[in-house]
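Have a look at upload.pdb; it's PDB, C-alpha atoms, pLDDT in the B column:
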```pdb
ATOM      1  CA  MET K 114     -35.008 -21.139  -5.811  1.00 65.00           C
ATOM      2  CA  ARG K 115     -34.910 -17.347  -5.722  1.00 77.00           C
ATOM      3  CA  SER K 116     -33.516 -17.307  -2.185  1.00 72.00           C
ATOM      4  CA  ARG K 117     -30.654 -19.602  -3.268  1.00 74.00           C
ATOM      5  CA  ARG K 118     -29.668 -17.150  -6.001  1.00 76.00           C
ATOM      6  CA  ILE K 119     -29.785 -14.248  -3.564  1.00 75.00           C
ATOM      7  CA  LEU K 120     -27.714 -16.166  -1.024  1.00 62.00           C
ATOM      8  CA  ALA K 121     -25.170 -17.120  -3.699  1.00 68.00           C
ATOM      9  CA  ALA K 122     -24.928 -13.479  -4.813  1.00 70.00           C
ATOM     10  CA  VAL K 123     -24.392 -12.310  -1.225  1.00 71.00           C
ATOM     11  CA  ILE K 124     -21.635 -14.879  -0.637  1.00 76.00           C
ATOM     12  CA  ALA K 125     -19.926 -14.036  -3.930  1.00 69.00           C
ATOM     13  CA  THR K 126     -20.060 -10.317  -3.145  1.00 76.00           C
ATOM     14  CA  ALA K 127     -18.569 -10.850   0.326  1.00 67.00           C
ATOM     15  CA  ALA K 128     -15.785 -13.021  -1.082  1.00 70.00           C
ATOM     16  CA  LEU K 129     -14.954 -10.458  -3.767  1.00 67.00           C
ATOM     17  CA  ALA K 130     -14.925  -7.635  -1.225  1.00 69.00           C
ATOM     18  CA  GLY K 131     -12.527  -9.634   0.938  1.00 67.00           C
ATOM     19  CA  LEU K 132     -10.158 -10.173  -1.972  1.00 60.00           C
ATOM     20  CA  VAL K 133     -10.259  -6.496  -2.925  1.00 61.00           C
ATOM     21  CA  LEU K 134      -9.493  -5.376   0.633  1.00 59.00           C
ATOM     22  CA  THR K 135      -6.631  -7.862   0.939  1.00 61.00           C
ATOM     23  CA  GLY K 136      -5.158  -6.713  -2.375  1.00 59.00           C
ATOM     24  CA  ALA K 137      -5.474  -3.039  -1.419  1.00 55.00           C
ATOM     25  CA  ALA K 138      -3.685  -3.588   1.871  1.00 55.00           C
ATOM     26  CA  THR K 139      -0.847  -5.400   0.115  1.00 55.00           C
ATOM     27  CA  ALA K 140      -0.528  -2.840  -2.652  1.00 57.00           C
ATOM     28  CA  THR K 141      -0.136   0.137  -0.299  1.00 60.00           C
ATOM     29  CA  ALA K 142       2.621  -1.299   1.847  1.00 64.00           C
ATOM     30  CA  ALA K 143       5.755   0.827   1.481  1.00 62.00           C
ATOM     31  CA  PRO K 144       9.233  -0.638   1.783  1.00 67.00           C
ATOM     32  CA  ALA K 145      10.943  -0.212   5.158  1.00 83.00           C
ATOM     33  CA  GLN K 146      13.992   1.380   3.527  1.00 92.00           C
ATOM     34  CA  VAL K 147      14.465   3.131   0.212  1.00 95.00           C
ATOM     35  CA  SER K 148      17.548   4.161  -1.702  1.00 94.00           C
ATOM     36  CA  PRO K 149      18.337   7.856  -2.182  1.00 95.00           C
ATOM     37  CA  SER K 150      17.390   7.576  -5.864  1.00 95.00           C
ATOM     38  CA  GLN K 151      14.037   5.931  -5.019  1.00 96.00           C
ATOM     39  CA  CYS K 152      13.347   8.763  -2.582  1.00 95.00           C
ATOM     40  CA  ARG K 153      14.084  11.400  -5.258  1.00 96.00           C
ATOM     41  CA  ASP K 154      12.124   9.505  -7.929  1.00 96.00           C
ATOM     42  CA  GLY K 155       9.152   9.407  -5.561  1.00 95.00           C
ATOM     43  CA  GLY K 156       9.252  13.186  -5.203  1.00 97.00           C
ATOM     44  CA  GLY K 157      11.069  13.354  -1.873  1.00 96.00           C
ATOM     45  CA  THR K 158      14.386  14.583  -0.547  1.00 96.00           C
ATOM     46  CA  PRO K 159      16.764  12.186   1.240  1.00 95.00           C
ATOM     47  CA  ARG K 160      17.767  13.866   4.513  1.00 94.00           C
ATOM     48  CA  ILE K 161      20.708  11.830   5.772  1.00 87.00           C
ATOM     49  CA  ASP K 162      21.607  14.715   8.080  1.00 92.00           C
ATOM     50  CA  LEU K 163      18.494  14.089  10.223  1.00 90.00           C
ATOM     51  CA  PRO K 164      18.107  11.318  12.838  1.00 92.00           C
ATOM     52  CA  GLY K 165      16.907   8.106  11.197  1.00 90.00           C
ATOM     53  CA  ASN K 166      17.928   9.283   7.708  1.00 93.00           C
ATOM     54  CA  PRO K 167      14.328   9.934   6.541  1.00 95.00           C
ATOM     55  CA  CYS K 168      13.010  10.590   3.070  1.00 95.00           C
ATOM     56  CA  VAL K 169      11.121  13.868   3.432  1.00 96.00           C
ATOM     57  CA  GLY K 170       8.075  14.404   1.209  1.00 95.00           C
ATOM     58  CA  GLY K 171       6.805  12.488  -1.776  1.00 95.00           C
ATOM     59  CA  LYS K 172       5.741   8.868  -2.038  1.00 94.00           C
ATOM     60  CA  TYR K 173       8.216   7.534   0.538  1.00 95.00           C
ATOM     61  CA  ASP K 174       7.786  10.297   3.137  1.00 95.00           C
ATOM     62  CA  GLY K 175       9.123   9.174   6.508  1.00 93.00           C
ATOM     63  CA  GLN K 176      10.789   6.007   5.204  1.00 94.00           C
ATOM     64  CA  SER K 177      14.411   5.402   6.132  1.00 94.00           C
ATOM     65  CA  VAL K 178      16.972   6.081   3.398  1.00 94.00           C
ATOM     66  CA  ASP K 179      19.485   3.263   3.027  1.00 88.00           C
TER      67      ASP K 179
END
```
If you took the structure in this file and wrote it as structure tokens, what would it be?
Amino acid sequence: MRSRRILAAVIATAALAGLVLTGAATATAAPAQVSPSQCRDGGGTPRIDLPGNPCVGGKYDGQSVD
């Protein structure tokens, strides 16, 4: 009886950890392109004069400015 409870706790913990990791990976995905205002709001500077039009600095650093 005790081993069943331990096994159930281990399975529940593994399932919860899997959900947390999946949610964390989804939450940190940045958009492929941002608008100039999103770049500024995120603390960056839109550099449309550079190749690839990157957002430099801030939350969207390196993302392409649309």
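Residues surrounding K:Pro149 within 8 Å are Thr158, Pro159, Cys168, Val178 and Asp179 of chain K [all atoms listed in the file; sequence separation below 5 positions excluded].
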| From the list K:Gly171, K:Arg160, K:Gln176, K:Val123, which residue is nearest K:Val147 when using only C-alpha atoms? | K:Gln176
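Atom pair atom CA of K:Gly170 / atom CA of K:Ala145 has a distance of 15.4 Å (rounded to one decimal).
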Would you fill the gaps in stretch 144-179 of chain K so it has N, CA and C atoms, then print it as a compact mmCIF listing (two decimals), in the coordinates of the input?
```
# COMPACT_ATOMS: atom_id res chain seq x y z
N PRO K 144 8.05 0.05 1.29
CA PRO K 144 9.23 -0.64 1.78
C PRO K 144 9.77 0.03 3.04
N ALA K 145 10.41 -0.74 3.91
CA ALA K 145 10.94 -0.21 5.16
C ALA K 145 12.08 0.76 4.90
N GLN K 146 12.89 0.50 3.89
CA GLN K 146 13.99 1.38 3.53
C GLN K 146 13.99 1.61 2.03
N VAL K 147 14.37 2.80 1.63
CA VAL K 147 14.46 3.13 0.21
C VAL K 147 15.85 3.68 -0.07
N SER K 148 16.25 3.60 -1.32
CA SER K 148 17.55 4.16 -1.70
C SER K 148 17.37 5.67 -1.93
N PRO K 149 18.46 6.42 -1.91
CA PRO K 149 18.34 7.86 -2.18
C PRO K 149 17.68 8.15 -3.53
N SER K 150 17.99 7.34 -4.55
CA SER K 150 17.39 7.58 -5.86
C SER K 150 15.90 7.26 -5.86
N GLN K 151 15.47 6.22 -5.12
CA GLN K 151 14.04 5.93 -5.02
C GLN K 151 13.32 7.08 -4.33
N CYS K 152 13.94 7.63 -3.29
CA CYS K 152 13.35 8.76 -2.58
C CYS K 152 13.15 9.94 -3.54
N ARG K 153 14.18 10.28 -4.30
CA ARG K 153 14.08 11.40 -5.26
C ARG K 153 13.07 11.11 -6.35
N ASP K 154 13.08 9.88 -6.87
CA ASP K 154 12.12 9.51 -7.93
C ASP K 154 10.69 9.58 -7.44
N GLY K 155 10.49 9.32 -6.14
CA GLY K 155 9.15 9.41 -5.56
C GLY K 155 8.75 10.82 -5.19
N GLY K 156 9.60 11.79 -5.47
CA GLY K 156 9.25 13.19 -5.20
C GLY K 156 9.73 13.70 -3.86
N GLY K 157 10.58 12.94 -3.18
CA GLY K 157 11.07 13.35 -1.87
C GLY K 157 12.51 13.81 -1.90
N THR K 158 13.00 14.17 -0.72
CA THR K 158 14.39 14.58 -0.55
C THR K 158 15.02 13.71 0.53
N PRO K 159 16.10 12.99 0.21
CA PRO K 159 16.76 12.19 1.24
C PRO K 159 17.50 13.11 2.21
N ARG K 160 17.15 13.01 3.49
CA ARG K 160 17.77 13.87 4.51
C ARG K 160 18.61 13.00 5.43
N ILE K 161 19.83 12.68 4.97
CA ILE K 161 20.71 11.83 5.77
C ILE K 161 21.33 12.59 6.94
N ASP K 162 21.09 13.91 6.98
CA ASP K 162 21.61 14.72 8.08
C ASP K 162 20.67 14.71 9.29
N LEU K 163 19.46 14.17 9.14
CA LEU K 163 18.49 14.09 10.22
C LEU K 163 18.53 12.72 10.89
N PRO K 164 18.15 12.62 12.16
CA PRO K 164 18.11 11.32 12.84
C PRO K 164 17.19 10.33 12.10
N GLY K 165 17.68 9.14 11.88
CA GLY K 165 16.91 8.11 11.20
C GLY K 165 17.02 8.15 9.69
N ASN K 166 17.75 9.14 9.16
CA ASN K 166 17.93 9.28 7.71
C ASN K 166 16.61 9.19 6.94
N PRO K 167 15.63 10.07 7.20
CA PRO K 167 14.33 9.93 6.54
C PRO K 167 14.31 10.49 5.11
N CYS K 168 13.36 10.00 4.35
CA CYS K 168 13.01 10.59 3.07
C CYS K 168 11.89 11.58 3.40
N VAL K 169 12.08 12.84 3.06
CA VAL K 169 11.12 13.87 3.43
C VAL K 169 10.30 14.27 2.21
N GLY K 170 8.98 14.06 2.30
CA GLY K 170 8.07 14.40 1.21
C GLY K 170 7.95 13.29 0.19
N GLY K 171 7.00 13.44 -0.69
CA GLY K 171 6.80 12.49 -1.78
C GLY K 171 6.20 11.17 -1.35
N LYS K 172 6.35 10.19 -2.21
CA LYS K 172 5.74 8.87 -2.04
C LYS K 172 6.29 8.11 -0.84
N TYR K 173 7.56 8.29 -0.53
CA TYR K 173 8.22 7.53 0.54
C TYR K 173 8.45 8.37 1.80
N ASP K 174 7.64 9.39 2.00
CA ASP K 174 7.79 10.30 3.14
C ASP K 174 7.87 9.53 4.46
N GLY K 175 8.94 9.80 5.22
CA GLY K 175 9.12 9.17 6.51
C GLY K 175 9.87 7.85 6.48
N GLN K 176 10.06 7.27 5.30
CA GLN K 176 10.79 6.01 5.20
C GLN K 176 12.28 6.27 5.37
N SER K 177 12.98 5.29 5.92
CA SER K 177 14.41 5.40 6.13
C SER K 177 15.15 5.27 4.81
N VAL K 178 16.15 6.14 4.61
CA VAL K 178 16.97 6.08 3.40
C VAL K 178 18.18 5.22 3.69
N ASP K 179 18.39 4.22 2.84
CA ASP K 179 19.48 3.26 3.03
C ASP K 179 20.74 3.76 2.36
```
